[in-house]
file entry-v3.txt (compact mmCIF, C-alpha atoms)
# COMPACT_ATOMS: atom_id res chain seq x y z
CA MET A 14 -0.11 5.78 -20.43
CA LEU A 15 -0.78 5.89 -16.72
CA VAL A 16 0.09 9.04 -14.80
CA ILE A 17 -0.27 9.47 -11.04
CA LEU A 18 -1.11 12.86 -9.56
CA ARG A 19 -0.19 13.12 -5.87
CA LEU A 20 -2.00 16.11 -4.35
CA GLU A 21 -0.62 18.70 -1.96
CA HIS A 22 2.69 17.20 -0.94
CA ARG A 23 4.30 18.77 2.15
CA PRO A 24 8.08 18.18 2.26
CA PHE A 25 8.53 17.40 5.91
CA ARG A 26 5.30 15.70 6.89
CA ASP A 27 4.56 13.73 3.73
CA GLN A 28 7.97 12.75 2.49
CA ARG A 29 7.89 9.10 3.41
CA ILE A 30 4.30 8.49 2.29
CA SER A 31 4.83 10.40 -0.96
CA THR A 32 8.03 8.46 -1.61
CA HIS A 33 6.14 5.22 -1.06
CA CYS A 34 3.48 6.44 -3.52
CA GLY A 35 6.17 7.21 -6.09
CA LEU A 36 7.99 3.89 -5.71
CA VAL A 37 4.74 1.91 -5.80
CA SER A 38 3.67 3.78 -8.94
CA ARG A 39 6.97 2.98 -10.62
CA VAL A 40 6.99 -0.70 -9.77
CA LEU A 41 3.32 -1.42 -10.45
CA GLY A 42 3.29 -0.11 -13.98
CA ALA A 43 2.68 3.66 -13.94
CA ASP A 44 4.77 5.87 -16.25
CA LYS A 45 5.04 9.04 -14.21
CA ILE A 46 4.15 10.72 -10.95
CA VAL A 47 3.26 14.40 -10.92
CA TYR A 48 2.93 16.06 -7.51
CA SER A 49 1.47 19.36 -6.40
CA GLY A 50 1.91 21.22 -3.12
CA GLN A 51 5.47 22.19 -2.29
CA GLN A 52 8.39 21.32 -4.52
CA ASP A 53 10.73 18.88 -2.80
CA ASP A 54 14.14 18.07 -4.29
CA SER A 55 14.75 15.34 -1.80
CA PHE A 56 11.51 13.52 -2.71
CA GLU A 57 12.41 13.76 -6.42
CA ALA A 58 15.96 12.59 -5.75
CA SER A 59 14.84 9.53 -3.83
CA ILE A 60 12.56 8.42 -6.67
CA ASN A 61 15.11 9.17 -9.40
CA ASP A 62 17.80 7.37 -7.46
CA VAL A 63 15.77 4.15 -7.37
CA THR A 64 14.90 4.43 -11.07
CA GLU A 65 18.54 4.99 -11.95
CA ARG A 66 19.75 1.99 -9.96
CA PHE A 67 16.89 -0.44 -10.51
CA GLY A 68 15.89 0.53 -14.05
CA GLY A 69 12.87 1.61 -16.01
CA LYS A 70 11.76 4.94 -17.41
CA PHE A 71 9.67 6.24 -14.55
CA LYS A 72 9.52 10.04 -14.24
CA ILE A 73 8.71 12.45 -11.43
CA GLU A 74 7.52 16.02 -12.06
CA PHE A 75 6.37 18.90 -9.92
CA SER A 76 3.13 20.71 -10.82
CA GLU A 77 2.46 24.30 -9.71
CA SER A 78 -1.27 23.68 -9.97
CA TRP A 79 -3.12 20.39 -9.60
CA LYS A 80 -6.08 21.94 -11.38
CA LYS A 81 -4.02 22.79 -14.46
CA THR A 82 -2.55 19.29 -14.44
CA ILE A 83 -6.00 17.72 -14.37
CA GLN A 84 -7.20 20.02 -17.14
CA PHE A 85 -4.10 19.28 -19.21
CA TYR A 86 -4.72 15.52 -19.11
CA LYS A 87 -8.47 15.92 -19.63
CA LYS A 88 -7.70 17.79 -22.87
CA LYS A 89 -5.48 14.91 -23.90
CA LYS A 90 -8.50 12.60 -23.38
CA PHE A 91 -7.10 10.82 -20.35
CA LEU A 92 -9.67 9.26 -18.08
CA VAL A 93 -9.41 10.97 -14.69
CA VAL A 94 -9.78 8.62 -11.71
CA HIS A 95 -9.65 9.90 -8.14
CA LEU A 96 -9.00 7.48 -5.28
CA THR A 97 -11.12 8.34 -2.24
CA MET A 98 -12.80 6.34 0.50
CA TYR A 99 -16.03 8.20 -0.35
CA GLY A 100 -16.17 6.89 -3.91
CA LEU A 101 -17.70 3.92 -5.72
CA GLU A 102 -16.34 0.45 -5.03
CA ILE A 103 -13.33 -0.47 -7.16
CA GLN A 104 -14.46 -4.07 -7.59
CA LYS A 105 -17.62 -2.87 -9.37
CA GLN A 106 -15.96 -0.19 -11.52
CA ILE A 107 -12.56 -1.52 -12.55
CA GLY A 108 -13.89 -3.39 -15.60
CA LYS A 109 -15.12 -0.14 -17.18
CA ILE A 110 -12.03 1.80 -16.19
CA ARG A 111 -9.70 -0.84 -17.59
CA LYS A 112 -11.06 -0.21 -21.10
CA ASN A 113 -9.21 3.11 -21.07
CA LYS A 114 -5.53 3.06 -21.98
CA ASN A 115 -4.73 6.58 -20.79
CA ILE A 116 -5.42 7.27 -17.14
CA LEU A 117 -4.67 10.12 -14.76
CA LEU A 118 -4.94 8.58 -11.30
CA ILE A 119 -5.29 11.09 -8.48
CA VAL A 120 -4.04 10.22 -5.01
CA GLY A 121 -5.21 12.66 -2.34
CA GLY A 122 -3.47 14.19 0.60
CA GLU A 123 -5.01 15.08 3.96
CA LYS A 124 -7.63 17.48 2.63
CA VAL A 125 -8.87 17.17 -0.93
CA HIS A 126 -10.55 20.14 -2.61
CA TRP A 127 -14.19 19.48 -3.59
CA GLU A 128 -13.37 20.38 -7.19
CA VAL A 129 -11.23 17.23 -7.48
CA TYR A 130 -14.39 15.15 -6.95
CA GLN A 131 -16.11 17.17 -9.69
CA LEU A 132 -13.28 17.08 -12.21
CA ALA A 133 -12.77 13.32 -11.87
CA ASP A 134 -14.55 10.99 -14.28
CA TYR A 135 -14.55 8.37 -11.52
CA ASN A 136 -14.25 8.69 -7.77
CA ILE A 137 -13.15 5.24 -6.69
CA ALA A 138 -12.89 3.67 -3.23
CA VAL A 139 -10.68 0.76 -2.27
CA THR A 140 -13.12 -0.04 0.53
CA ASN A 141 -15.18 2.76 2.10
CA GLN A 142 -12.97 2.63 5.19
CA PRO A 143 -10.03 4.77 6.26
CA HIS A 144 -6.65 3.18 5.61
CA SER A 145 -3.81 4.30 3.35
CA GLU A 146 -3.36 6.05 0.02
CA VAL A 147 -0.32 3.84 -0.61
CA ALA A 148 -2.44 0.69 -0.23
CA ALA A 149 -5.30 2.11 -2.31
CA LEU A 150 -2.86 3.02 -5.07
CA ALA A 151 -1.23 -0.43 -4.98
CA ILE A 152 -4.54 -2.30 -5.14
CA PHE A 153 -5.86 -0.03 -7.87
CA LEU A 154 -2.78 -0.63 -10.06
CA ASP A 155 -2.78 -4.37 -9.37
CA ARG A 156 -6.45 -4.61 -10.39
CA TYR A 157 -6.11 -2.25 -13.35
CA PHE A 158 -3.25 -4.30 -14.83
CA SER A 159 -4.93 -7.58 -13.79
CA GLY A 160 -1.87 -8.63 -11.80
CA LYS A 161 0.36 -8.78 -14.88
CA GLU A 162 2.45 -5.83 -13.69
CA LEU A 163 4.07 -8.08 -11.08
CA ASN A 164 5.88 -9.90 -13.90
CA LYS A 165 7.35 -6.73 -15.38
CA LYS A 166 11.13 -6.88 -15.86
CA PHE A 167 13.29 -3.88 -15.11
CA SER A 168 16.80 -3.83 -16.47
CA GLY A 169 18.78 -1.69 -14.07
CA LYS A 170 22.25 -1.69 -12.62
CA ILE A 171 21.01 -3.69 -9.67
CA ARG A 172 18.96 -6.84 -9.82
CA ILE A 173 17.59 -8.82 -6.88
CA ILE A 174 17.40 -12.55 -7.46
CA PRO A 175 14.44 -14.17 -5.65
CA GLN A 176 15.61 -16.41 -2.80
CA GLU A 177 13.94 -18.78 -0.40
CA ARG A 178 16.10 -17.37 2.39
CA GLY A 179 18.56 -14.49 2.59
CA LYS A 180 19.52 -11.90 0.01
CA LYS A 181 21.02 -12.19 -3.45
CA VAL A 182 21.82 -9.02 -5.34
CA GLU A 183 23.53 -8.73 -8.73
CA GLY A 184 25.29 -5.55 -9.87
CA LYS A 185 25.59 -2.52 -7.65
CA MET B 13 -6.62 -16.31 11.85
CA LEU B 14 -4.29 -13.83 10.26
CA VAL B 15 -1.90 -11.89 12.48
CA ILE B 16 0.47 -9.18 11.28
CA LEU B 17 3.82 -8.65 12.98
CA ARG B 18 5.27 -5.21 12.33
CA LEU B 19 8.97 -5.22 13.20
CA GLU B 20 10.97 -2.60 15.07
CA HIS B 21 8.55 0.32 15.20
CA ARG B 22 10.09 3.69 16.12
CA PRO B 23 7.51 6.10 17.53
CA PHE B 24 8.60 9.28 15.84
CA ARG B 25 9.96 8.13 12.53
CA ASP B 26 7.61 5.25 11.74
CA GLN B 27 4.32 6.43 13.13
CA ARG B 28 2.58 7.21 9.89
CA ILE B 29 3.81 4.15 8.00
CA SER B 30 3.04 1.85 10.94
CA THR B 31 -0.43 3.39 11.27
CA HIS B 32 -1.01 2.78 7.57
CA CYS B 33 0.12 -0.84 8.08
CA GLY B 34 -2.33 -1.20 10.96
CA LEU B 35 -5.29 0.31 9.13
CA VAL B 36 -4.61 -1.68 5.98
CA SER B 37 -4.37 -4.88 8.03
CA ARG B 38 -7.71 -4.13 9.67
CA VAL B 39 -9.56 -3.32 6.49
CA LEU B 40 -8.13 -6.10 4.32
CA GLY B 41 -9.08 -8.94 6.62
CA ALA B 42 -6.37 -9.41 9.25
CA ASP B 43 -7.41 -10.02 12.86
CA LYS B 44 -4.60 -8.38 14.77
CA ILE B 45 -1.38 -6.44 14.47
CA VAL B 46 1.45 -7.08 16.88
CA TYR B 47 4.39 -4.68 16.79
CA SER B 48 7.88 -4.83 18.24
CA GLY B 49 10.41 -2.04 18.73
CA GLN B 50 9.28 0.78 21.00
CA GLN B 51 5.85 0.86 22.59
CA ASP B 52 3.78 3.74 21.23
CA ASP B 53 0.50 4.72 22.87
CA SER B 54 -0.33 7.15 20.13
CA PHE B 55 0.05 4.50 17.39
CA GLU B 56 -2.20 2.14 19.37
CA ALA B 57 -4.74 4.89 20.01
CA SER B 58 -5.01 5.82 16.35
CA ILE B 59 -5.73 2.22 15.34
CA ASN B 60 -8.18 1.62 18.20
CA ASP B 61 -9.95 4.88 17.44
CA VAL B 62 -10.67 3.80 13.85
CA THR B 63 -11.84 0.36 14.98
CA GLU B 64 -14.13 1.90 17.56
CA ARG B 65 -15.72 4.31 15.11
CA PHE B 66 -15.76 2.20 11.95
CA GLY B 67 -16.35 -1.23 13.48
CA GLY B 68 -14.83 -4.68 13.53
CA LYS B 69 -12.80 -6.58 16.11
CA PHE B 70 -9.30 -5.68 15.04
CA LYS B 71 -6.71 -5.65 17.82
CA ILE B 72 -3.31 -4.06 18.29
CA GLU B 73 -0.71 -5.39 20.71
CA PHE B 74 2.86 -4.55 21.63
CA SER B 75 5.49 -7.30 21.73
CA GLU B 76 8.65 -6.97 23.80
CA SER B 77 10.41 -9.46 21.52
CA TRP B 78 9.68 -10.21 17.89
CA LYS B 79 11.51 -13.50 18.27
CA LYS B 80 9.24 -14.67 21.07
CA THR B 81 6.21 -13.61 19.06
CA ILE B 82 7.35 -15.63 16.06
CA GLN B 83 8.12 -18.64 18.26
CA PHE B 84 4.72 -18.33 19.98
CA TYR B 85 2.83 -18.48 16.69
CA LYS B 86 5.06 -21.22 15.31
CA LYS B 87 4.15 -23.36 18.33
CA LYS B 88 0.48 -22.69 17.56
CA LYS B 89 1.14 -24.08 14.04
CA PHE B 90 0.74 -20.76 12.26
CA LEU B 91 2.47 -20.50 8.89
CA VAL B 92 5.08 -17.73 9.16
CA VAL B 93 5.34 -15.54 6.06
CA HIS B 94 7.86 -12.71 5.84
CA LEU B 95 7.40 -9.97 3.24
CA THR B 96 10.74 -8.92 1.76
CA MET B 97 11.87 -7.75 -1.65
CA TYR B 98 14.56 -10.48 -1.51
CA GLY B 99 12.03 -13.30 -1.33
CA LEU B 100 10.21 -15.56 -3.78
CA GLU B 101 7.59 -14.06 -6.07
CA ILE B 102 4.15 -13.84 -4.51
CA GLN B 103 2.38 -14.73 -7.74
CA LYS B 104 4.13 -18.13 -7.75
CA GLN B 105 3.71 -18.91 -4.04
CA ILE B 106 0.33 -17.56 -2.99
CA GLY B 107 -1.57 -20.70 -4.02
CA LYS B 108 0.37 -22.84 -1.53
CA ILE B 109 0.23 -20.20 1.20
CA ARG B 110 -3.53 -19.78 0.81
CA LYS B 111 -4.09 -23.39 1.89
CA ASN B 112 -3.13 -22.35 5.41
CA LYS B 113 -5.83 -20.78 7.55
CA ASN B 114 -3.52 -19.49 10.28
CA ILE B 115 -0.85 -17.08 9.16
CA LEU B 116 1.65 -14.85 10.91
CA LEU B 117 2.60 -12.22 8.32
CA ILE B 118 5.79 -10.31 9.11
CA VAL B 119 6.24 -6.79 7.79
CA GLY B 120 9.77 -5.49 8.14
CA GLY B 121 11.18 -2.16 9.17
CA GLU B 122 14.37 -0.51 7.89
CA LYS B 123 16.73 -3.29 8.96
CA VAL B 124 15.50 -6.83 9.34
CA HIS B 125 17.51 -9.30 11.43
CA TRP B 126 18.80 -12.29 9.45
CA GLU B 127 17.05 -14.64 11.85
CA VAL B 128 13.67 -13.45 10.56
CA TYR B 129 14.56 -14.90 7.14
CA GLN B 130 15.47 -18.18 8.83
CA LEU B 131 12.43 -18.41 11.10
CA ALA B 132 9.96 -17.69 8.29
CA ASP B 133 8.39 -20.60 6.45
CA TYR B 134 8.16 -18.35 3.40
CA ASN B 135 10.07 -15.21 2.44
CA ILE B 136 7.81 -13.56 -0.10
CA ALA B 137 8.41 -10.63 -2.45
CA VAL B 138 5.76 -8.41 -3.96
CA THR B 139 8.16 -7.69 -6.83
CA ASN B 140 11.92 -7.83 -6.24
CA GLN B 141 12.07 -4.05 -6.33
CA PRO B 142 12.15 -1.45 -3.56
CA HIS B 143 8.79 0.17 -2.88
CA SER B 144 6.64 0.12 0.25
CA GLU B 145 5.80 -2.28 3.04
CA VAL B 146 2.27 -0.82 3.06
CA ALA B 147 1.78 -1.70 -0.60
CA ALA B 148 3.34 -5.14 -0.20
CA LEU B 149 1.04 -5.85 2.75
CA ALA B 150 -2.03 -4.65 0.83
CA ILE B 151 -1.28 -6.75 -2.24
CA PHE B 152 -0.44 -9.79 -0.14
CA LEU B 153 -3.77 -9.59 1.72
CA ASP B 154 -5.74 -8.91 -1.46
CA ARG B 155 -4.19 -11.97 -3.12
CA TYR B 156 -4.43 -14.17 -0.04
CA PHE B 157 -8.17 -13.49 0.32
CA SER B 158 -8.66 -13.60 -3.47
CA GLY B 159 -10.16 -10.10 -3.47
CA LYS B 160 -13.14 -11.14 -1.34
CA GLU B 161 -11.97 -9.02 1.59
CA LEU B 162 -13.04 -5.89 -0.29
CA ASN B 163 -16.67 -6.91 0.20
CA LYS B 164 -16.34 -7.30 3.97
CA LYS B 165 -18.96 -5.33 5.92
CA PHE B 166 -18.04 -3.50 9.09
CA SER B 167 -20.83 -2.41 11.39
CA GLY B 168 -19.48 0.61 13.21
CA LYS B 169 -20.85 3.90 14.45
CA ILE B 170 -19.86 5.53 11.17
CA ARG B 171 -20.66 4.26 7.71
CA ILE B 172 -19.57 5.80 4.42
CA ILE B 173 -22.04 5.36 1.59
CA PRO B 174 -20.32 5.01 -1.81
CA GLN B 175 -20.98 8.06 -4.02
CA GLU B 176 -20.23 8.99 -7.58
CA ARG B 177 -19.23 12.47 -6.38
CA GLY B 178 -18.85 14.05 -2.96
CA LYS B 179 -19.16 12.52 0.49
CA LYS B 180 -21.98 10.73 2.24
CA VAL B 181 -21.47 9.62 5.83
CA GLU B 182 -24.05 8.01 8.15
CA GLY B 183 -23.72 8.08 11.95
CA LYS B 184 -20.88 9.85 13.69

call {"tool": "encode", "arguments": {"input": "entry-v3.txt", "output": "structure tokens"}}
result
Amino acid sequence: MLVILRLEHRPFRDQRISTHCGLVSRVLGADKIVYSGQQDDSFEASINDVTERFGGKFKIEFSESWKKTIQFYKKKKFLVVHLTMYGLEIQKQIGKIRKNKNILLIVGGEKVHWEVYQLADYNIAVTNQPHSEVAALAIFLDRYFSGKELNKKFSGKIRIIPQERGKKVEGK
Amino acid sequence: MLVILRLEHRPFRDQRISTHCGLVSRVLGADKIVYSGQQDDSFEASINDVTERFGGKFKIEFSESWKKTIQFYKKKKFLVVHLTMYGLEIQKQIGKIRKNKNILLIVGGEKVHWEVYQLADYNIAVTNQPHSEVAALAIFLDRYFSGKELNKKFSGKIRIIPQERGKKVEGK
């Protein structure tokens, strides 16, 4: 099981980035996204709407305390991985991480509490350069699942049929 | 040479996503981002600020017309690749695309003009599911460069030293 924890979501400022994090998590093989910060019905609705139309069993949940969420998954023996540009290089660590079937993957917000670095089993960098938590999440998942997640089939109400040019959509 | 074309940027609404696109392009091996839509000094400044502090030769440029930009690079024999969830699966096409050294990679906005699909040599999907142009861009670049871009060294004023826990930064 692979659970994403998105830290300290702020409804107005972070909505688009958090929504991207949720949709990327769903499509690249995660089972659930838990988010802390402020509860945001509109963020939850936008993720659930895509899952309902495009398929899959992806879940979104609000957490009142990121610390309790981390502790909860640690007790369940999940490996806790925190994505941060200050961490160790993903290309050197992913082999070890991949041996674990249950992962809590933490995606930071603007300011990450120092305790997150301490609680994590791995602090992992997708390059030690500033860029995007959405990109770091995507590359982590792609590497963790060795690219196989791209072949995952979703059976939803809507299905997009790959085309050389233009758009082909089945269902609605 | 790999150039990104970000379509139809809107300063207020798209600033964070476009900035993520720019920073991801820089760090994952692209040479330049060109953007159409509305010119945005603050978007340009945020990209140039990172390049100045963290190193590299990445450039950002505004284009008054995405169509002229596409035509310009087509004349220079660049392969034009458009990322869209309606396109052909990246995992089946990347081998052919990788043979080309000069690429114009188009990253859409909310609504993409039908002509973009026609002008592109390849319309490529990173899954045929809705998620994030930032994630699609990141996975495309990671696959195009076969993961080697993660080892790229930047010599800037600031350097982050990978750590198991906490933060280590050299320079300022």

call {"tool": "residues_around", "arguments": {"input": "entry-v3.txt", "residues": "Gly34 (chain B)", "least_positions_apart": "2", "cutoff": "9 Å", "atoms": "all atoms listed in the file", "output": "list in words"}}
result
His144 of chain A; Ile16, Arg18, Ile29, Ser30, Thr31, His32, Val36, Ser37, Arg38, Val39, Lys44, Ile45, Phe55, Ile59 and Ile72 of chain B

call {"tool": "write_last_selection", "arguments": {"input": "entry-v3.txt", "atoms": "C-alpha atoms", "output": "PDB file, in the frame of the given file"}}
result
ATOM      1  CA  HIS A 144      -6.650   3.180   5.610  1.00  0.00           C
TER       2      HIS A 144
ATOM      3  CA  ILE B  16       0.470  -9.180  11.280  1.00  0.00           C
ATOM      4  CA  ARG B  18       5.270  -5.210  12.330  1.00  0.00           C
ATOM      5  CA  ILE B  29       3.810   4.150   8.000  1.00  0.00           C
ATOM      6  CA  SER B  30       3.040   1.850  10.940  1.00  0.00           C
ATOM      7  CA  THR B  31      -0.430   3.390  11.270  1.00  0.00           C
ATOM      8  CA  HIS B  32      -1.010   2.780   7.570  1.00  0.00           C
ATOM      9  CA  VAL B  36      -4.610  -1.680   5.980  1.00  0.00           C
ATOM     10  CA  SER B  37      -4.370  -4.880   8.030  1.00  0.00           C
ATOM     11  CA  ARG B  38      -7.710  -4.130   9.670  1.00  0.00           C
ATOM     12  CA  VAL B  39      -9.560  -3.320   6.490  1.00  0.00           C
ATOM     13  CA  LYS B  44      -4.600  -8.380  14.770  1.00  0.00           C
ATOM     14  CA  ILE B  45      -1.380  -6.440  14.470  1.00  0.00           C
ATOM     15  CA  PHE B  55       0.050   4.500  17.390  1.00  0.00           C
ATOM     16  CA  ILE B  59      -5.730   2.220  15.340  1.00  0.00           C
ATOM     17  CA  ILE B  72      -3.310  -4.060  18.290  1.00  0.00           C
TER      18      ILE B  72
END

call {"tool": "atom_distance", "arguments": {"input": "entry-v3.txt", "atom1": "CA of Val138 (chain B)", "atom2": "CA of Gly121 (chain A)"}}
result
23.8 Å

call {"tool": "residues_around", "arguments": {"input": "entry-v3.txt", "residues": "Arg111 (chain A)", "least_positions_apart": "4", "cutoff": "9 Å", "atoms": "only C-alpha atoms", "output": "PDB file with C-alpha atoms, keeping the file's coordinate frame"}}
result
ATOM      1  CA  GLN A 106     -15.960  -0.190 -11.520  1.00  0.00           C
ATOM      2  CA  ILE A 107     -12.560  -1.520 -12.550  1.00  0.00           C
ATOM      3  CA  ARG A 156      -6.450  -4.610 -10.390  1.00  0.00           C
ATOM      4  CA  TYR A 157      -6.110  -2.250 -13.350  1.00  0.00           C
ATOM      5  CA  PHE A 158      -3.250  -4.300 -14.830  1.00  0.00           C
TER       6      PHE A 158
END

call {"tool": "atom_distance", "arguments": {"input": "entry-v3.txt", "atom1": "CA of Phe67 (chain A)", "atom2": "CA of Leu41 (chain A)"}}
result
13.6 Å

call {"tool": "atom_distance", "arguments": {"input": "entry-v3.txt", "atom1": "CA of Leu35 (chain B)", "atom2": "CA of Ala150 (chain B)"}}
result
10.2 Å

call {"tool": "closest_residue", "arguments": {"input": "entry-v3.txt", "among": "B:Ser158, B:Thr96, B:Gln50, B:Gln175", "to": "Trp126 (chain B)", "atoms": "all atoms listed in the file"}}
result
B:Thr96

call {"tool": "closest_residue", "arguments": {"input": "entry-v3.txt", "among": "A:Ile103, A:Lys81, A:Asn136, A:Phe25", "to": "Leu154 (chain A)", "atoms": "all atoms listed in the file"}}
result
A:Ile103

call {"tool": "closest_residue", "arguments": {"input": "entry-v3.txt", "among": "A:Gln104, A:Gln84, A:Ser55, A:Ser78", "to": "chain B", "atoms": "all atoms listed in the file"}}
result
A:Gln104

call {"tool": "residues_around", "arguments": {"input": "entry-v3.txt", "residues": "Thr64 (chain A)", "least_positions_apart": "5", "cutoff": "9 Å", "atoms": "all atoms listed in the file", "output": "list in words"}}
result
Leu36, Arg39, Ser59, Gly69, Lys70, Phe71, Lys72 and Gly169 of chain A

call {"tool": "closest_residue", "arguments": {"input": "entry-v3.txt", "among": "A:Pro24, A:Phe91, A:Lys185, A:Glu123", "to": "Arg172 (chain A)", "atoms": "only C-alpha atoms"}}
result
A:Lys185

call {"tool": "residues_around", "arguments": {"input": "entry-v3.txt", "residues": "Gly50 (chain A)", "least_positions_apart": "3", "cutoff": "10 Å", "atoms": "all atoms listed in the file", "output": "PyMOL selection string"}}
result
chain A and resi 19-24+53+75-79+122

call {"tool": "closest_residue", "arguments": {"input": "entry-v3.txt", "among": "A:Val182, A:Gly42, A:Gly108, A:Gly100", "to": "chain B", "atoms": "only C-alpha atoms"}}
result
A:Gly100

call {"tool": "closest_residue", "arguments": {"input": "entry-v3.txt", "among": "B:Ser48, B:Gln130, B:Thr81, B:Asn140", "to": "Leu116 (chain B)", "atoms": "all atoms listed in the file"}}
result
B:Thr81

call {"tool": "residues_around", "arguments": {"input": "entry-v3.txt", "residues": "Ile173 (chain A)", "least_positions_apart": "3", "cutoff": "9 Å", "atoms": "all atoms listed in the file", "output": "list of chain:residue names"}}
result
A:Gln176, A:Lys180, A:Lys181, A:Val182, A:Glu183, A:Gly184, B:Met97, B:Tyr98, B:Asn140, B:Gln141

call {"tool": "build_atoms", "arguments": {"input": "entry-v3.txt", "residues": "region 81-97 of chain A", "atoms": "N, CA and C atoms", "output": "PDB file, keeping the file's coordinate frame"}}
result
ATOM      1  N   LYS A  81      -4.542  22.722 -13.088  1.00  0.00           N
ATOM      2  CA  LYS A  81      -4.020  22.790 -14.460  1.00  0.00           C
ATOM      3  C   LYS A  81      -3.576  21.416 -14.940  1.00  0.00           C
ATOM      4  N   THR A  82      -2.981  20.644 -14.048  1.00  0.00           N
ATOM      5  CA  THR A  82      -2.550  19.290 -14.440  1.00  0.00           C
ATOM      6  C   THR A  82      -3.750  18.430 -14.828  1.00  0.00           C
ATOM      7  N   ILE A  83      -4.807  18.505 -14.033  1.00  0.00           N
ATOM      8  CA  ILE A  83      -6.000  17.720 -14.370  1.00  0.00           C
ATOM      9  C   ILE A  83      -6.565  18.188 -15.707  1.00  0.00           C
ATOM     10  N   GLN A  84      -6.653  19.501 -15.877  1.00  0.00           N
ATOM     11  CA  GLN A  84      -7.200  20.020 -17.140  1.00  0.00           C
ATOM     12  C   GLN A  84      -6.343  19.636 -18.335  1.00  0.00           C
ATOM     13  N   PHE A  85      -5.039  19.664 -18.161  1.00  0.00           N
ATOM     14  CA  PHE A  85      -4.100  19.280 -19.210  1.00  0.00           C
ATOM     15  C   PHE A  85      -4.365  17.838 -19.680  1.00  0.00           C
ATOM     16  N   TYR A  86      -4.498  16.923 -18.729  1.00  0.00           N
ATOM     17  CA  TYR A  86      -4.720  15.520 -19.110  1.00  0.00           C
ATOM     18  C   TYR A  86      -6.137  15.273 -19.606  1.00  0.00           C
ATOM     19  N   LYS A  87      -7.094  16.047 -19.111  1.00  0.00           N
ATOM     20  CA  LYS A  87      -8.470  15.920 -19.630  1.00  0.00           C
ATOM     21  C   LYS A  87      -8.490  16.305 -21.119  1.00  0.00           C
ATOM     22  N   LYS A  88      -7.765  17.362 -21.442  1.00  0.00           N
ATOM     23  CA  LYS A  88      -7.700  17.790 -22.870  1.00  0.00           C
ATOM     24  C   LYS A  88      -7.073  16.716 -23.731  1.00  0.00           C
ATOM     25  N   LYS A  89      -6.128  15.992 -23.151  1.00  0.00           N
ATOM     26  CA  LYS A  89      -5.480  14.910 -23.900  1.00  0.00           C
ATOM     27  C   LYS A  89      -6.308  13.614 -23.870  1.00  0.00           C
ATOM     28  N   LYS A  90      -7.550  13.730 -23.391  1.00  0.00           N
ATOM     29  CA  LYS A  90      -8.500  12.600 -23.380  1.00  0.00           C
ATOM     30  C   LYS A  90      -8.125  11.473 -22.417  1.00  0.00           C
ATOM     31  N   PHE A  91      -7.350  11.817 -21.400  1.00  0.00           N
ATOM     32  CA  PHE A  91      -7.100  10.820 -20.350  1.00  0.00           C
ATOM     33  C   PHE A  91      -8.370  10.669 -19.507  1.00  0.00           C
ATOM     34  N   LEU A  92      -8.614   9.477 -19.060  1.00  0.00           N
ATOM     35  CA  LEU A  92      -9.670   9.260 -18.080  1.00  0.00           C
ATOM     36  C   LEU A  92      -9.118   9.660 -16.705  1.00  0.00           C
ATOM     37  N   VAL A  93      -9.895  10.487 -15.985  1.00  0.00           N
ATOM     38  CA  VAL A  93      -9.410  10.970 -14.690  1.00  0.00           C
ATOM     39  C   VAL A  93     -10.087  10.170 -13.563  1.00  0.00           C
ATOM     40  N   VAL A  94      -9.282   9.461 -12.802  1.00  0.00           N
ATOM     41  CA  VAL A  94      -9.780   8.620 -11.710  1.00  0.00           C
ATOM     42  C   VAL A  94      -9.214   9.157 -10.403  1.00  0.00           C
ATOM     43  N   HIS A  95     -10.079   9.371  -9.437  1.00  0.00           N
ATOM     44  CA  HIS A  95      -9.650   9.900  -8.140  1.00  0.00           C
ATOM     45  C   HIS A  95      -9.897   8.841  -7.069  1.00  0.00           C
ATOM     46  N   LEU A  96      -8.858   8.477  -6.350  1.00  0.00           N
ATOM     47  CA  LEU A  96      -9.000   7.480  -5.280  1.00  0.00           C
ATOM     48  C   LEU A  96      -9.445   8.167  -3.994  1.00  0.00           C
ATOM     49  N   THR A  97     -10.582   7.759  -3.465  1.00  0.00           N
ATOM     50  CA  THR A  97     -11.120   8.340  -2.240  1.00  0.00           C
ATOM     51  C   THR A  97     -12.010   7.334  -1.530  1.00  0.00           C
TER      52      THR A  97
END
